[in-house]
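Asker: Next up is a structure, given as structure tokens.
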Amino acid sequence: MDVTRSSTRGLARRALALAFTLALAPACFGDDDDEDDGGWTGDPVTLSGTVTYDFVPAVYSPSTRRGTLDFANASARPLRNAVVQVRQGTRVLADGTTNEQGRYTLTYRPSGTGTLSVVALAKTATPPIQVEDNTANNAIWGGGDNITPSVTTKNLHAAHGWSGSGYTASQRAAAPFAILDTMYTAARAFMDVRPVDFPQLKVNWSPKNVPQSGNKAVGQIGTSHYSFSENEIYVLGREGVDTDEFDAHVIVHEWGHFFEANLSRADSPGGPHSSGDILDPRIAFGEGYGNALASIILPEPIYVDSLWSGSSLVTFGFDAESEPTPTTDDPSRGAFSEMSVFRLLYDLHDSGTNEPFDRVSYDIGILYDVLVGPQKSTPAVTTIGSFINGLKAQPGVNAADVDALLAFYNIGSITSDWGDGDAQLRGMYTNVTSTPYAASVPLRGGNDFNKREQNQYFVFTGTGRTMTITATHMKEDVGVQVYGEGRLLAYSDASYAGDERVTITTRADAPYVAVVFGFKETIGAYSPLPTLSITSE
Amino acid sequence: MNIKAIAALSGLLALTAPVACTSQSKSNATPTDSADTQKTAAPVKVDARVGEDQARVTLRFDAPATEVQVSISGVDGLEVKSAATPVAGASFVQDAVSELDVSFTPGEGQSLLVVTVTGIFRGTHLSKVSSFTIGTPTAEQQKTLGTVVTGDDGQPIKVLPSSNAE
């Protein structure tokens with residue numbers, strides 16, 4: 001890589017100068033030999049160069065439980081497929097994209113007045129991803145330098161800005177490019193094996209983004225997350241608190257949720273989760289899938305997340321390959337554990353040569369086919385059950401080998417999207433044989449709404465007429481969702497007690513799933529149990 | 001530092017009482033409210049009631065935890081006057097609640113109180129960081145680094161200098 005990195009001294013001054021010249025057109029170039037007071041004129045100019053950014057590995061050892069952001073081993077990586085522009089004042093004279101080596105070539109014709117500059121944007125063309133500053137009017141991040149028409153080679157480099165004990169704010173340029181390039185890596189992994197038409201993705205990163213809920217426009221984003229309602233990703237960036245731009249697993253994990261929501265399907269209720277939880281199997285799948293995708297694509301089996309603890313930059317993480325010893329991090333293996341789903345999906349892809357229970361190795365194209373095919377269209381809700389049943393239908397997949405892997409993770413031999421073959425997962429679903437229907441719902445309180453005990457699924461058949469689904473508890477807060485035709489059709493959680501009712505128009509003989517969920521905070525069964533009724537006009 | 005529930009005592013109480021304290025202020029998040037995915041974090045809810053120079057931090061453990069360390073720090077000039085690590089090596093049972101009184105000197109304008117909880121939760125080493133805003137930002141703090149420029153293509157951009165800029 002022909003990258004020449006010069007001293008970073010004076011960058012703050014140059015940042016101001018560059019911003020000033022970009023903002024004020026025409027700018028004064030009176031000291032420049034290549035121009036006259038009337039501005040630039042002349043023949044077309046061809047400018048080329050390489051765009052790079054600092055990538056900092058996040059490291060963690062499960063055995064010592066220690067790690068950090070390893071700035072000593074930071075490396076300059078090419079910024080691939082990124083938009084590069086030559087600007088004169090506020091005018092864009094030429095634009096193009098970098099190639100897989102970060103190289104660009106642009107031909108432009110300077111004219112009139114205004115400072116010339118070349119800017120690499122944190123934006124890729126294919127797939128369309130752009131990293132914006134949610135605390136600065138959603139401006140796209142960029143890195144650049146001023147040029148003159150006599151310049152024909154201009155390399156650009158975005159530095160991490162770490163000075164040894166903290167970031168120098170004006171030099172912290174690599175962050176948005178690291179996020180962009182990691183997501184590009186994730187997208188390319190699928191684009192290399194299948195034709196994929198990704199929709200636009202906007203990612204929000206700011207050095208002001210903090211783990212505090214509130215106004216996202218000032219950086220209060222809660223945590224790094226994918227927002228289903230906005231279809232955008234937010235990434236933490238506050239030094240001294242929590243930064244995620246170099247936590248590649250976190251970045252790919254959240255990108256995985258974007259993939260799910262746009263190309264596959266995500267029925268996850270969201271909310272807090274961690275290893276050891278006995279989760280609703282929808283979120284167990286979604287979170288385990290996100291972690292597995294990161295470990296498969298990067299490829300690096302150890303998930304790492306960095307953060308500040310006091311003045312120390314530390315990490316935590318977990319290994320896709322194996323559970324820690326002597327104390328496991330997956331005490332309740334099965335379809336309700338995100339760690340089981342995480343390692344199961346990873347094992348479906350990796351070679352598994354040293355694991356007798358792992359006789360499979362399916363490429364990411366097969367995983368893609370399942371995600372955009374049967375997982376998306378399942379009449380059930382999205383769990384490891386629907387995924388495995390879809391996987392078994394793919395050419396070249398050996399069901400017996402998959403079952404051997406499932407057994408290791410305490411999951412039965414799945415034979416349907418509904419979890420047949422695994423008694424615990426199948427037990428999530430109750431078949432409604434006729435309408436009108438009324439039943440008690442055996443929920444238990446004491447955990448968040450997204451845990452297994454707070455959820456129960458009911459499968460009913462459409463009548464071709466309008467149907468009403470009502471979940472009721474007179475003292476406790478309950479809610480109801482209805483899935484059908486491959487998506488969430490209706491939802492109600494309006495009050496803290498009483499009826500939650502939705503009405504849907506159904507297709508005759510089509511399957512629908514009603515999910516009844518609760519929020520009871522005290523431990524134990526609801527007393528009395530919530531009720532569900534399903535009626536048809 | 002006036003620690004209402006010092007680490008050892010808090011941990012001991014937590015271990016001896018299966019439900020040491022049940023908070024009635026548990027947020028009643030709904031799937032609609034919280035459908036956003038969240039990155040993996042320690043299963044502990046962190047809340048704080050903050051004043052000008054003190055805060056009461058409440059920790060609710062949603063899973064049993066051992067080797068718990070709580071670090072209190074500040075950014076943007078906030079200096080913690082009470083213990084920086086009020087909890088170290090403590091254990092908590094599920095649903096245990098611990099309250100910590102924290103005193104600090106705020107930074108000029110707006111500053112942040114930062115609470116980091118690290119521990120072993122059901123066998124997994126996990127952490128969670130939460131921040132709490134103190135004060136209101138000065139005019140200088142409301143500025144963002146760099147300048148946002150909108151070109152003739154209508155797209156605002158925010159440019160930082162290349163490190164090999166000349």
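Residue numbers start at 1 in each chain; chains themselves are named A, B, ... in the order of the structure tokens; ligands are numbered from 1 in the order shown.
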Can you write out as CSV which residues of chain B fall within 6 Å of chain A, alongside each residue's closest atom pair and its distance in Å to one decimal, counting only C-alpha atoms and ordering rows by chain and ascending residue number?

Answerer:
residue,atom,partner,partner_atom,distance
B:Pro31,CA,A:Pro269,CA,5.2
B:Ser34,CA,A:Gly271,CA,5.4
B:Ala35,CA,A:Gly270,CA,4.3
B:Asp36,CA,A:Ser227,CA,4.7
B:Thr37,CA,A:Gly270,CA,5.0
B:Gln38,CA,A:His225,CA,5.0
B:Thr40,CA,A:Ser274,CA,5.8
B:Ser71,CA,A:Gly310,CA,5.5
B:Ser73,CA,A:Gly310,CA,5.2
B:Thr116,CA,A:Ser309,CA,5.6
B:Arg122,CA,A:Gly276,CA,5.7
B:Gly123,CA,A:Asp329,CA,4.4
B:Thr124,CA,A:Asp329,CA,4.9
B:Leu126,CA,A:Phe316,CA,5.9
B:Ser130,CA,A:Pro211,CA,5.2
B:Ser131,CA,A:Gln212,CA,5.6
B:Thr147,CA,A:Ala19,CA,5.4
B:Val149,CA,A:Ala23,CA,5.6
B:Gly151,CA,A:Thr90,CA,4.3
B:Asp152,CA,A:Arg91,CA,5.3
B:Pro156,CA,A:Ala139,CA,4.7
B:Ile157,CA,A:Ile140,CA,4.5
B:Lys158,CA,A:Trp141,CA,4.9
B:Val159,CA,A:Gly142,CA,4.4
B:Leu160,CA,A:Gly143,CA,4.8
B:Pro161,CA,A:Gly144,CA,5.1
B:Ser162,CA,A:His157,CA,5.1
B:Ser163,CA,A:His157,CA,5.5
B:Asn164,CA,A:Ser6,CA,4.8
B:Ala165,CA,A:Asp145,CA,5.5

Asker: Please produce a file of those selected residues containing C-alpha atoms, as a compact mmCIF listing (two decimals), in the first residue's frame.

Answerer:
# COMPACT_ATOMS: atom_id res chain seq x y z
CA PRO B 31 -42.16 -4.45 22.74
CA SER B 34 -38.16 -1.32 23.20
CA ALA B 35 -38.30 -3.27 19.98
CA ASP B 36 -34.91 -1.80 19.20
CA THR B 37 -32.26 -4.42 19.54
CA GLN B 38 -29.69 -3.79 22.22
CA THR B 40 -25.33 -7.61 24.81
CA SER B 71 -16.87 1.99 38.88
CA SER B 73 -16.35 8.15 37.00
CA THR B 116 -19.82 0.87 34.89
CA ARG B 122 -24.51 -16.85 35.19
CA GLY B 123 -20.98 -17.76 34.23
CA THR B 124 -20.39 -14.98 31.72
CA LEU B 126 -20.29 -9.06 31.21
CA SER B 130 -24.62 3.95 31.82
CA SER B 131 -24.22 7.69 31.78
CA THR B 147 -18.16 22.33 10.30
CA VAL B 149 -21.12 21.97 4.86
CA GLY B 151 -22.80 21.34 -1.15
CA ASP B 152 -24.71 22.02 -4.32
CA PRO B 156 -24.52 17.98 4.26
CA ILE B 157 -21.08 16.60 5.01
CA LYS B 158 -18.77 16.94 7.97
CA VAL B 159 -15.12 16.70 7.06
CA LEU B 160 -12.19 15.97 9.28
CA PRO B 161 -8.70 16.41 7.88
CA SER B 162 -6.74 13.56 6.42
CA SER B 163 -3.79 12.77 8.68
CA ASN B 164 -1.47 13.10 5.71
CA ALA B 165 -2.92 16.45 4.76

Asker: Would you pick out the contacts of stretch 180-185 of chain A at 9 Å or less, using only C-alpha atoms, so that residues sharing its chain but fewer than 3 positions from it are not included, and give the list as a PyMOL selection string?

Answerer: chain A and resi 78-82+122-124+126-127+129-131+175-177+188-189+203+246+248+251-252+255+297-298

Asker: List the neighbours of stretch 497-512 of chain A out to 6 Å using only C-alpha atoms; skip same-chain residues closer than 4 positions along the sequence, and give me the result as JSON, numbers by chain.

Answerer: {"A": [459, 460, 461, 462, 463, 464, 465, 466, 467, 468, 469, 470, 471, 472, 473, 474, 475, 476, 477, 479, 483, 484, 492]}

Asker: Please provide the set of residues having any atom within 6 Å of stretch 409-426 of chain A, restricted to only C-alpha atoms, with same-chain residues fewer than 4 positions apart removed, written as a ChimeraX atom specification.

Answerer: /A:333-334,340,380,385-386,389,403

Asker: Please determine, counting only C-alpha atoms, which residue among B:Val148, B:Ala41, B:Leu113, B:Ala90 has the shortest atom-to-atom distance to B:Glu67.

Answerer: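 Answer, going by the shortest atom-to-atom distance: B:Ala90.
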
Asker: One decimal, Å: what's the distance from atom CA of B:Thr133 over to atom CA of A:Asp244, could you say?

Answerer: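 Computed distance, atom CA of B:Thr133 to atom CA of A:Asp244, equals 20.1 Å.
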
Asker: Report as a list in words all protein, DNA and RNA residues lying within 9 Å of B:Pro106, evaluated on only C-alpha atoms, omitting residues in the same chain fewer than 6 positions from it.

Answerer: Glu52, Asp53, Gly74, Asp76, Gly77, Leu78, Glu79, Val80, Leu112, Leu113, Ile134 and Gly135 of chain B

Asker: Would you mind reading off the distance between atom CA of B:Val115 and atom CA of A:Asp280, one decimal, in Å?

Answerer: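 That distance, rounded to one decimal, is 28.9 Å.
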
Asker: Which residues are close to B:Glu140, i.e. within 12 Å by only C-alpha atoms, leaving aside same-chain residues fewer than 6 positions away? Reply as a ChimeraX atom specification.

Answerer: /B:108-110

Asker: With DSSP run on the backbone, what are the alpha helix (DSSP H) residues within stretch 212-438 of chain A? I'd like them as a PyMOL selection string.

Answerer: chain A and resi 248-263+281-297+338-349+364-372+374-377+384-392+399-408+423-426

Asker: Take the residues from that selection and write them out as an mmCIF file, in the first residue's frame, keeping C-alpha atoms.

Answerer:
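Written out: selection23.cif:
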data_model
loop_
_atom_site.group_PDB
_atom_site.id
_atom_site.type_symbol
_atom_site.label_atom_id
_atom_site.label_comp_id
_atom_site.auth_asym_id
_atom_site.auth_seq_id
_atom_site.Cartn_x
_atom_site.Cartn_y
_atom_site.Cartn_z
ATOM 1 C CA ALA A 248 -16.354 -5.150 14.934
ATOM 2 C CA HIS A 249 -18.578 -7.855 16.400
ATOM 3 C CA VAL A 250 -20.950 -5.261 17.800
ATOM 4 C CA ILE A 251 -21.013 -3.508 14.420
ATOM 5 C CA VAL A 252 -21.729 -6.682 12.424
ATOM 6 C CA HIS A 253 -24.254 -7.839 15.025
ATOM 7 C CA GLU A 254 -26.314 -4.686 14.585
ATOM 8 C CA TRP A 255 -25.874 -4.857 10.820
ATOM 9 C CA GLY A 256 -27.235 -8.388 11.079
ATOM 10 C CA HIS A 257 -30.436 -7.008 12.558
ATOM 11 C CA PHE A 258 -30.681 -4.622 9.594
ATOM 12 C CA PHE A 259 -30.262 -7.611 7.281
ATOM 13 C CA GLU A 260 -32.949 -9.538 9.165
ATOM 14 C CA ALA A 261 -35.440 -6.698 9.041
ATOM 15 C CA ASN A 262 -34.922 -5.866 5.364
ATOM 16 C CA LEU A 263 -34.057 -9.109 3.613
ATOM 17 C CA PRO A 281 -37.196 -18.085 21.373
ATOM 18 C CA ARG A 282 -37.720 -15.230 18.916
ATOM 19 C CA ILE A 283 -35.162 -13.000 20.638
ATOM 20 C CA ALA A 284 -32.944 -15.991 21.431
ATOM 21 C CA PHE A 285 -32.698 -16.572 17.697
ATOM 22 C CA GLY A 286 -32.226 -12.908 16.775
ATOM 23 C CA GLU A 287 -29.432 -12.237 19.247
ATOM 24 C CA GLY A 288 -27.682 -15.571 18.749
ATOM 25 C CA TYR A 289 -27.889 -15.075 14.985
ATOM 26 C CA GLY A 290 -26.348 -11.599 15.265
ATOM 27 C CA ASN A 291 -23.376 -12.833 17.248
ATOM 28 C CA ALA A 292 -22.894 -15.872 15.029
ATOM 29 C CA LEU A 293 -23.010 -13.752 11.900
ATOM 30 C CA ALA A 294 -20.256 -11.533 13.296
ATOM 31 C CA SER A 295 -18.033 -14.463 14.201
ATOM 32 C CA ILE A 296 -18.597 -16.085 10.793
ATOM 33 C CA ILE A 297 -18.079 -12.994 8.658
ATOM 34 C CA GLU A 338 -28.989 -16.986 22.769
ATOM 35 C CA MET A 339 -25.633 -18.595 23.548
ATOM 36 C CA SER A 340 -26.850 -21.973 22.277
ATOM 37 C CA VAL A 341 -28.178 -20.377 19.102
ATOM 38 C CA PHE A 342 -24.927 -18.396 18.747
ATOM 39 C CA ARG A 343 -22.686 -21.462 18.921
ATOM 40 C CA LEU A 344 -25.055 -23.698 16.970
ATOM 41 C CA LEU A 345 -25.198 -21.310 14.007
ATOM 42 C CA TYR A 346 -21.448 -20.811 14.150
ATOM 43 C CA ASP A 347 -20.921 -24.582 14.169
ATOM 44 C CA LEU A 348 -23.193 -24.955 11.157
ATOM 45 C CA HIS A 349 -20.671 -22.861 9.233
ATOM 46 C CA ILE A 364 -22.735 -18.573 4.019
ATOM 47 C CA GLY A 365 -24.712 -18.838 0.783
ATOM 48 C CA ILE A 366 -26.802 -21.645 2.245
ATOM 49 C CA LEU A 367 -27.376 -19.637 5.409
ATOM 50 C CA TYR A 368 -28.438 -16.724 3.196
ATOM 51 C CA ASP A 369 -30.848 -18.905 1.245
ATOM 52 C CA VAL A 370 -32.536 -19.968 4.467
ATOM 53 C CA LEU A 371 -32.710 -16.446 5.862
ATOM 54 C CA VAL A 372 -34.291 -14.890 2.768
ATOM 55 C CA PRO A 374 -38.136 -20.171 4.461
ATOM 56 C CA GLN A 375 -37.154 -18.118 7.491
ATOM 57 C CA LYS A 376 -38.790 -15.068 5.938
ATOM 58 C CA SER A 377 -41.962 -16.812 4.830
ATOM 59 C CA ILE A 384 -34.280 -21.619 15.715
ATOM 60 C CA GLY A 385 -37.067 -24.047 14.841
ATOM 61 C CA SER A 386 -38.092 -22.252 11.668
ATOM 62 C CA PHE A 387 -34.465 -21.710 10.715
ATOM 63 C CA ILE A 388 -33.438 -25.345 11.163
ATOM 64 C CA ASN A 389 -36.492 -26.658 9.347
ATOM 65 C CA GLY A 390 -35.681 -24.327 6.479
ATOM 66 C CA LEU A 391 -32.043 -25.371 6.538
ATOM 67 C CA LYS A 392 -32.881 -29.043 6.322
ATOM 68 C CA ALA A 399 -30.489 -33.721 8.365
ATOM 69 C CA ALA A 400 -28.884 -36.386 10.536
ATOM 70 C CA ASP A 401 -25.708 -34.347 10.884
ATOM 71 C CA VAL A 402 -27.745 -31.272 11.759
ATOM 72 C CA ASP A 403 -29.630 -33.296 14.362
ATOM 73 C CA ALA A 404 -26.350 -34.399 15.931
ATOM 74 C CA LEU A 405 -25.399 -30.773 16.321
ATOM 75 C CA LEU A 406 -28.813 -29.872 17.687
ATOM 76 C CA ALA A 407 -28.506 -32.636 20.280
ATOM 77 C CA PHE A 408 -25.270 -31.148 21.582
ATOM 78 C CA ALA A 423 -40.769 -30.591 23.115
ATOM 79 C CA GLN A 424 -39.811 -27.342 24.800
ATOM 80 C CA LEU A 425 -39.989 -25.283 21.627
ATOM 81 C CA ARG A 426 -43.148 -27.015 20.427
#

Asker: Just how far from atom CA of A:Ala266 is atom CA of A:Asp247, in Å to one decimal?

Answerer: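 Computed distance, atom CA of A:Asp247 to atom CA of A:Ala266, equals 23.3 Å.
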
Asker: Using DSSP on the backbone coordinates, identify all residues within stretch 27-161 of chain B classified as strand (DSSP E); present the result as a VMD selection string.

Answerer: chain B and resid 44 to 50 54 to 61 65 to 75 79 to 80 87 to 92 97 to 105 111 to 121 124 to 134 148 to 150 156 to 161
